[in-house]
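Engineer: Got a structure for you, written out below as structure tokens; questions coming shortly.
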Amino acid sequence: YKFLDLVAITAPIGIFLGRISNFINGELVGKVTSASWGVLFPNFDDKLRHPSQLYEAFFEGIILYYVINSFNKHNQLGFNSGTYVFGYGFVRFFIEYFREPDAHLGFILFNLSMGQLLCVAMMLSGVYIWYVANQVTIKAQT
């Protein structure tokens, strides 16, 4: 858990840089929008689309970095890694509403995309990491 916690501290920085690269390359485009901040991705089509890559860069990168690095004041084992996995899944679940679903998958269950279903699994995994790490900490103290 110590290694995973160290990785989780810096992972949002990598996510931020990756999403900025996706935006520059016109990859992982958002849904069509009439909002004034819509972006035209010329290599994709001629419609204004949500810049979902920028939403992800902000929330999965900057905000998640802040949350992980601000709230673990006691260096609790598994906190950073559990928070990263849960937080990434939580944020990504909502941003998926602004992304174009995979053409070959579409919506899978209850009008949710495959990405959203995987996000639910990530959130549950984050809770599991917190639980197991807490049990390890309790056993180490006794």
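Residue numbering restarts at 1 for every chain of the structure tokens, chains are lettered A, B, ... in their displayed order, and ligands are numbered from 1 as they appear.
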Please produce, as a tab-separated table, a per-residue contact table for region 14-37 of chain A versus region 60-70 of chain A (criterion: any atom at most 8 Å away, only C-alpha atoms considered), showing the nearest atom pair and its distance in Å to one decimal, sorted by chain then residue number.

Structural biologist:
residue	atom	partner	partner_atom	distance
A:Gly14	CA	A:Gly61	CA	7.6
A:Ile15	CA	A:Gly61	CA	5.6
A:Phe16	CA	A:Gly61	CA	4.4

Engineer: Please identify which residues in chain A DSSP calls strand (DSSP E) from the backbone, and express them as a list in words.

Structural biologist: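 After running DSSP on the backbone, chain A has strand (DSSP E) at Val39, Leu40, Leu48, Arg49, Phe107, Ile108, Leu109, Leu112 and Ser113 of chain A.
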
Engineer: Can you tell me, as JSON, numbers by chain, what residues are no more than 7 Å from Cys119 (chain A) when counting only C-alpha atoms, ignoring any on the same chain fewer than 2 positions away?

Structural biologist: {"A": [89, 90, 92, 93, 115, 116, 117, 121, 122, 123]}

Engineer: Can I get the selected residues back with N, CA and C atoms, as a tab-separated table (two decimals), in the first residue's frame?

Structural biologist:
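Okay, this is what ended up in out.tsv:
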chain	number	residue	atom	x	y	z
A	89	GLY	N	-13.00	7.32	-10.49
A	89	GLY	CA	-14.26	6.72	-10.94
A	89	GLY	C	-15.45	7.65	-10.76
A	90	PHE	N	-15.48	8.35	-9.64
A	90	PHE	CA	-16.59	9.26	-9.33
A	90	PHE	C	-16.65	10.40	-10.34
A	92	ARG	N	-15.13	10.65	-13.29
A	92	ARG	CA	-15.27	10.16	-14.65
A	92	ARG	C	-16.71	9.74	-14.96
A	93	PHE	N	-17.42	9.20	-13.96
A	93	PHE	CA	-18.81	8.80	-14.14
A	93	PHE	C	-19.64	9.97	-14.67
A	115	GLY	N	-18.20	3.04	-20.08
A	115	GLY	CA	-17.31	3.83	-19.23
A	115	GLY	C	-17.92	4.08	-17.86
A	116	GLN	N	-19.21	4.37	-17.81
A	116	GLN	CA	-19.87	4.62	-16.53
A	116	GLN	C	-19.97	3.35	-15.70
A	117	LEU	N	-20.24	2.23	-16.34
A	117	LEU	CA	-20.29	0.96	-15.60
A	117	LEU	C	-18.92	0.62	-15.01
A	121	ALA	N	-17.47	0.23	-10.94
A	121	ALA	CA	-16.53	-0.79	-10.45
A	121	ALA	C	-15.30	-0.14	-9.81
A	122	MET	N	-14.84	0.96	-10.39
A	122	MET	CA	-13.68	1.66	-9.80
A	122	MET	C	-14.03	2.23	-8.43
A	123	MET	N	-15.21	2.82	-8.30
A	123	MET	CA	-15.60	3.39	-7.01
A	123	MET	C	-15.70	2.29	-5.95

Engineer: For a test of reading the model, state the distance in Å between CA of Thr33 (chain A) and CA of Ile13 (chain A), rounded to one decimal.

Structural biologist: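 Result for CA of Thr33 (chain A) versus CA of Ile13 (chain A): 28.0 Å, one decimal.
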